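K.L.:
Below is a structure I'd like to ask you about.
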Protein chains: 2
Amino acid sequence: MPRRSAAAVADTRADVLDAAIRRASIEGLEGLTIGRLAEELSMSKSGLFGLFGSKEELQVAAFERAVEDFTREVWQPVARRPAGLPRLRALIDRWLAYHRSRALPGGCIVTTATIEFDARPGPLRDAVARARRRMHDALEADIRIAVEAGDLPASTNPADVAFALYALASAASQAIQLDEPGAGARARRCMRALVGGA
Amino acid sequence: MPRRSAAAVADTRADVLDAAIRRASIEGLEGLTIGRLAEELSMSKSGLFGLFGSKEELQVAAFERAVEDFTREVWQPVARRPAGLPRLRALIDRWLAYHRSRALPGGCIVTTATIEFDARPGPLRDAVARARRRMHDALEADIRIAVEAGDLPASTNPADVAFALYALASAASQAIQLDEPGAGARARRCMRALVGGA
DNA sequence: TCGTTTACCGCACGACCGTTCGTATCGTAT
DNA sequence: ATACGATACGAACGGTCGTGCGGTAAACGA
């Protein structure tokens with residue numbers, strides 16, 4: 001692997017993180033090892049290690065980049081839709097399409113990281129909690145707008161619906177990974193039902 | 001640690017599996033290590049290892065015992081209730097109480113194992129798929145009975161509701177682990193809404 | 001009571017882990 | 001041309017991993 005110019009170090013990092021995300025989706029962020037990652041990228045362990053300074057920083061960087069990727073692929077494309085129900089419905093379809101396409105070979109990394117670190121204090125647990133809160137808040141905001149617009153019943157509890165939508169999307173990723181037939185369509189029906197789908 | 005009589009070897013295994021389940025709920029089944037487990041139980045690595053023959057067999061045994069424990073704690077206590085909606089509602093309460101009580105310090109092991117192995121073929125992935133199917137089928141059966149009894153709308157799709165209930169229970173465990181306030185009550189409201197709760 | 005079996009231990013192994021360190025090579029600025 | 005910082009490498013570190021092997025003492029069947 002040729003050396004890169006100083007201006008291109010970010011490219012190396014990006015390549016490493018791409019591979020790290022792919023592997024982590026399968027084997028978890030804890031399952032990442034610097035040696036195997038380096039071998040896959042034809043780098044030396046020490047060279048790769050030096051880019052991050054510690055395994056934990058590599059894990060954090062990989063997680064946050066995975067969240068960025070997910071946001072770009074799912075959230076951003078629907079950002080311009082009218083807030084409220086229209087955007088929510090478009091988001092649901094994008095979200096499930098993301099999982100169905102197996103954009104990451106091992107499924108949703110936020111869920112993976114949640115499971116891995118929700119009982120282990122540290123920077124990773126904090127990052128996971130932040131990412132979840134961001135997504136939950138975004139969902140809740142659109143649901144609230146839909147309620148105010150009269151598109152959802154006034155009795156709707158926005159936080160509850162946001163929680164349920166997230167739960168269903170996460171479960172969809174798991175069911176898809178386990179090759180349960182019809183999982184995507186099932187999750188879509190369940191999620192649609194929450195936002196007034198017929 | 002004194003040697004046990006031949007008839008009591010099962011006790012040693014049970015002790016090991018108890019500790020293994022507790023640890024695995026926090027660090028995952030992959031995070032289990034024979035050395036640390038042996039130290040916690042004041043056993044030798046080789047002694048503990050001999051009980052199972054391989055790490056994978058230890059993982060499988062721990063997982064299946066965790067499912068047994070969960071079934072005994074959650075499913076069995078409501079088994080005698082009238083099938084259909086009454087049993088479903090009792091089950092939901094038991095289920096969430098189980099998570100809220102932090103019966104396992106790191107949350108639901110079935111979810112943990114699903115995330116860890118859903119993209120890695122092998123005996124563990126198979127065991128996970130089996131356990132999920134059993135729970136899903138049990139849920140679906142009671143939902144179907146509730147529909148036939150007229151307690152749920154005839155338009156209800158039992159498999160969809162089962163999927164959603166499972167998704168919500170799993171998400172509840174994660175949210176509780178992350179100390180999200182009101183997670184248990186929120187999950188209960190969402191699950192109740194699916195089975196005709198007011 | 002005496003062999004046999006069972007349950008477990010101590011020890012060692014090869015492999016791999018994250019990490020450190022010294023060094024070589026590149027692009028860039030002087 | 002020279003100095004320098006950035007980038008990556010190779011070798012090695014102490015540690016821990018899962019796994020085998022040989023022994024030993026308690027429990028058991030005769």
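Order determines the names: the first chain of the structure tokens is A, the second B, and so forth; residues in each chain are numbered 1 upward, and ligands are numbered 1 upward as they are shown.
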Output chain A as a short mmCIF file (atom, residue, chain, number, x, y, z; two decimals) with C-alpha atoms, in the first residue's frame, after least-squares fitting it to chain B on all in-order C-alpha pairs.

P.N.:
```cif
data_model
loop_
_atom_site.label_atom_id
_atom_site.label_comp_id
_atom_site.auth_asym_id
_atom_site.auth_seq_id
_atom_site.Cartn_x
_atom_site.Cartn_y
_atom_site.Cartn_z
CA MET A 1 -13.44 -25.26 46.17
CA PRO A 2 -14.18 -28.81 47.37
CA ARG A 3 -14.69 -31.55 44.90
CA ARG A 4 -18.22 -32.70 44.36
CA SER A 5 -19.66 -36.16 44.34
CA ALA A 6 -20.43 -37.68 40.99
CA ALA A 7 -24.12 -37.08 41.52
CA ALA A 8 -23.50 -33.38 42.07
CA VAL A 9 -21.65 -32.52 38.89
CA ALA A 10 -24.82 -30.97 37.61
CA ASP A 11 -24.57 -28.48 40.46
CA THR A 12 -21.15 -27.35 39.31
CA ARG A 13 -22.46 -26.91 35.81
CA ALA A 14 -25.40 -24.96 37.15
CA ASP A 15 -23.14 -22.68 39.15
CA VAL A 16 -20.93 -22.08 36.15
CA LEU A 17 -23.89 -21.37 33.90
CA ASP A 18 -25.41 -18.97 36.41
CA ALA A 19 -22.23 -16.95 36.50
CA ALA A 20 -21.83 -17.24 32.75
CA ILE A 21 -25.32 -15.90 32.15
CA ARG A 22 -24.76 -12.97 34.42
CA ARG A 23 -21.49 -12.05 32.76
CA ALA A 24 -22.80 -12.68 29.27
CA SER A 25 -25.69 -10.33 29.81
CA ILE A 26 -23.13 -7.57 30.34
CA GLU A 27 -20.25 -8.50 28.06
CA GLY A 28 -21.99 -10.75 25.59
CA LEU A 29 -21.57 -14.45 24.97
CA GLU A 30 -18.47 -13.73 22.91
CA GLY A 31 -17.10 -11.65 25.74
CA LEU A 32 -17.17 -14.65 28.04
CA THR A 33 -13.75 -15.99 28.87
CA ILE A 34 -13.07 -19.26 30.55
CA GLY A 35 -10.24 -17.85 32.61
CA ARG A 36 -12.23 -15.03 34.20
CA LEU A 37 -15.20 -17.28 34.75
CA ALA A 38 -13.00 -19.84 36.47
CA GLU A 39 -11.43 -17.18 38.66
CA GLU A 40 -14.83 -15.86 39.74
CA LEU A 41 -15.83 -19.37 40.75
CA SER A 42 -12.45 -20.25 42.27
CA MET A 43 -12.00 -23.05 39.80
CA SER A 44 -9.19 -23.89 37.46
CA LYS A 45 -9.51 -23.02 33.80
CA SER A 46 -9.08 -26.63 32.79
CA GLY A 47 -11.62 -27.87 35.30
CA LEU A 48 -14.24 -25.50 34.03
CA PHE A 49 -13.30 -26.12 30.44
CA GLY A 50 -13.69 -29.86 30.90
CA LEU A 51 -17.31 -29.44 31.91
CA PHE A 52 -18.19 -28.23 28.44
CA GLY A 53 -15.52 -29.37 26.03
CA SER A 54 -15.32 -26.13 24.11
CA LYS A 55 -16.12 -22.51 24.51
CA GLU A 56 -18.86 -22.74 21.94
CA GLU A 57 -20.62 -25.48 23.92
CA LEU A 58 -20.36 -23.32 27.01
CA GLN A 59 -21.96 -20.48 25.10
CA VAL A 60 -24.77 -22.65 23.80
CA ALA A 61 -25.40 -24.12 27.23
CA ALA A 62 -25.43 -20.68 28.84
CA PHE A 63 -27.80 -19.33 26.23
CA GLU A 64 -30.24 -22.19 26.52
CA ARG A 65 -30.19 -22.02 30.27
CA ALA A 66 -30.87 -18.30 30.12
CA VAL A 67 -33.88 -19.03 27.96
CA GLU A 68 -35.05 -21.63 30.48
CA ASP A 69 -34.67 -19.15 33.32
CA PHE A 70 -36.55 -16.51 31.39
CA THR A 71 -39.33 -18.94 30.55
CA ARG A 72 -39.63 -20.00 34.16
CA GLU A 73 -39.71 -16.43 35.43
CA VAL A 74 -41.97 -14.91 32.81
CA TRP A 75 -43.89 -17.42 30.78
CA GLN A 76 -44.62 -20.15 33.27
CA PRO A 77 -46.25 -18.00 35.96
CA VAL A 78 -48.93 -16.90 33.51
CA ALA A 79 -49.37 -20.28 31.83
CA ARG A 80 -52.52 -21.09 33.80
CA ARG A 81 -54.29 -17.88 32.95
CA PRO A 82 -57.06 -18.09 30.38
CA ALA A 83 -55.56 -18.20 26.92
CA GLY A 84 -55.91 -15.10 24.79
CA LEU A 85 -56.04 -11.52 25.94
CA PRO A 86 -55.98 -12.12 29.72
CA ARG A 87 -52.85 -14.19 29.46
CA LEU A 88 -51.24 -11.76 27.04
CA ARG A 89 -51.77 -8.83 29.36
CA ALA A 90 -50.42 -10.73 32.33
CA LEU A 91 -47.45 -11.80 30.24
CA ILE A 92 -46.65 -8.23 29.26
CA ASP A 93 -46.57 -7.15 32.88
CA ARG A 94 -44.40 -10.09 33.89
CA TRP A 95 -42.09 -9.51 30.97
CA LEU A 96 -41.50 -5.88 31.74
CA ALA A 97 -41.21 -6.56 35.45
CA TYR A 98 -38.48 -9.04 34.58
CA HIS A 99 -36.53 -6.39 32.72
CA ARG A 100 -37.22 -3.71 35.29
CA SER A 101 -35.99 -5.92 38.09
CA ARG A 102 -32.70 -6.35 36.24
CA ALA A 103 -32.91 -10.06 36.76
CA LEU A 104 -29.84 -10.12 34.56
CA PRO A 105 -27.49 -7.22 35.19
CA GLY A 106 -26.91 -6.58 31.50
CA GLY A 107 -30.39 -6.99 30.10
CA CYS A 108 -32.10 -9.53 27.91
CA ILE A 109 -29.73 -12.25 26.79
CA VAL A 110 -31.83 -13.35 23.86
CA THR A 111 -31.53 -9.90 22.37
CA THR A 112 -27.84 -9.81 23.14
CA ALA A 113 -27.29 -13.16 21.48
CA THR A 114 -29.42 -12.15 18.52
CA ILE A 115 -27.26 -9.13 17.88
CA GLU A 116 -24.07 -11.06 18.36
CA PHE A 117 -24.83 -14.01 16.15
CA ASP A 118 -27.51 -13.02 13.68
CA ALA A 119 -24.87 -12.53 11.01
CA ARG A 120 -22.65 -15.45 11.98
CA PRO A 121 -23.80 -18.91 10.96
CA GLY A 122 -23.31 -21.65 13.51
CA PRO A 123 -24.97 -23.44 16.40
CA LEU A 124 -25.49 -20.22 18.30
CA ARG A 125 -27.30 -18.49 15.48
CA ASP A 126 -29.48 -21.57 15.17
CA ALA A 127 -30.23 -21.58 18.89
CA VAL A 128 -31.12 -17.90 18.78
CA ALA A 129 -33.43 -18.37 15.83
CA ARG A 130 -35.13 -21.30 17.59
CA ALA A 131 -35.68 -19.34 20.80
CA ARG A 132 -37.08 -16.37 18.92
CA ARG A 133 -39.43 -18.53 16.93
CA ARG A 134 -40.72 -20.24 20.06
CA MET A 135 -41.52 -16.96 21.72
CA HIS A 136 -43.00 -15.49 18.60
CA ASP A 137 -45.21 -18.52 18.05
CA ALA A 138 -46.44 -18.47 21.62
CA LEU A 139 -47.33 -14.81 21.35
CA GLU A 140 -49.00 -15.28 18.01
CA ALA A 141 -51.12 -18.17 19.28
CA ASP A 142 -52.55 -16.15 22.14
CA ILE A 143 -53.21 -13.19 19.88
CA ARG A 144 -55.03 -15.45 17.46
CA ILE A 145 -57.18 -16.78 20.27
CA ALA A 146 -57.96 -13.23 21.35
CA VAL A 147 -59.05 -12.39 17.83
CA GLU A 148 -61.24 -15.47 17.60
CA ALA A 149 -62.78 -14.61 20.95
CA GLY A 150 -63.63 -11.17 19.62
CA ASP A 151 -61.30 -9.46 22.10
CA LEU A 152 -59.26 -8.00 19.28
CA PRO A 153 -60.47 -6.66 15.93
CA ALA A 154 -60.90 -9.27 13.23
CA SER A 155 -58.55 -7.24 11.05
CA THR A 156 -55.69 -7.92 13.46
CA ASN A 157 -52.67 -9.63 11.96
CA PRO A 158 -51.49 -11.91 14.78
CA ALA A 159 -47.96 -12.33 13.45
CA ASP A 160 -47.55 -8.59 13.11
CA VAL A 161 -48.71 -7.94 16.66
CA ALA A 162 -46.44 -10.67 17.97
CA PHE A 163 -43.51 -9.11 16.14
CA ALA A 164 -44.32 -5.70 17.56
CA LEU A 165 -44.72 -6.99 21.12
CA TYR A 166 -41.38 -8.69 20.95
CA ALA A 167 -39.74 -5.62 19.44
CA LEU A 168 -41.09 -3.43 22.22
CA ALA A 169 -40.02 -5.77 25.00
CA SER A 170 -36.53 -5.96 23.57
CA ALA A 171 -36.35 -2.19 23.19
CA ALA A 172 -37.59 -1.83 26.76
CA SER A 173 -34.68 -3.87 28.01
CA GLN A 174 -32.24 -1.67 26.12
CA ALA A 175 -33.82 1.58 27.28
CA ILE A 176 -33.84 0.37 30.87
CA GLN A 177 -30.18 -0.53 30.61
CA LEU A 178 -29.44 2.95 29.33
CA ASP A 179 -31.31 4.44 32.29
CA GLU A 180 -33.78 6.24 30.06
CA PRO A 181 -36.36 7.49 32.53
CA GLY A 182 -39.84 6.05 32.29
CA ALA A 183 -38.77 3.39 29.83
CA GLY A 184 -40.67 0.59 31.52
CA ALA A 185 -43.92 2.52 31.76
CA ARG A 186 -43.54 3.72 28.18
CA ALA A 187 -43.03 0.21 26.87
CA ARG A 188 -46.01 -0.96 28.86
CA ARG A 189 -48.25 1.69 27.33
CA CYS A 190 -47.05 0.79 23.84
CA MET A 191 -47.54 -2.93 24.37
CA ARG A 192 -50.92 -2.46 26.01
CA ALA A 193 -52.02 -0.36 23.07
CA LEU A 194 -51.42 -3.35 20.84
CA VAL A 195 -53.64 -5.65 22.84
CA GLY A 196 -56.55 -3.31 23.27
CA GLY A 197 -55.44 -1.48 26.38
CA ALA A 198 -57.33 1.68 27.17
#
```

K.L.:
Mind checking DSSP for segment 91-152 of chain B and telling me the alpha helix (DSSP H) residues as a PyMOL selection string?

P.N.:
chain B and resi 91-100+109-117+123-148

K.L.:
Define the interface residues of chain C facing chain B as those within 8 Å, counting only C-alpha atoms (C1' of nucleotides), and report them as a ChimeraX atom specification.

P.N.:
/C:6-9

K.L.:
For chain D, which residues have at least one atom within 9 Å of chain A, if we go by only C-alpha atoms (C1' of nucleotides)? Write them as a ChimeraX atom specification, please.

P.N.:
/D:6-10

K.L.:
Just the number, please: distance in Å from atom C1' of DT4 of chain C to atom C1' of DC21 of chain D, one decimal.

P.N.:
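These two atoms are separated by 20.5 Å.
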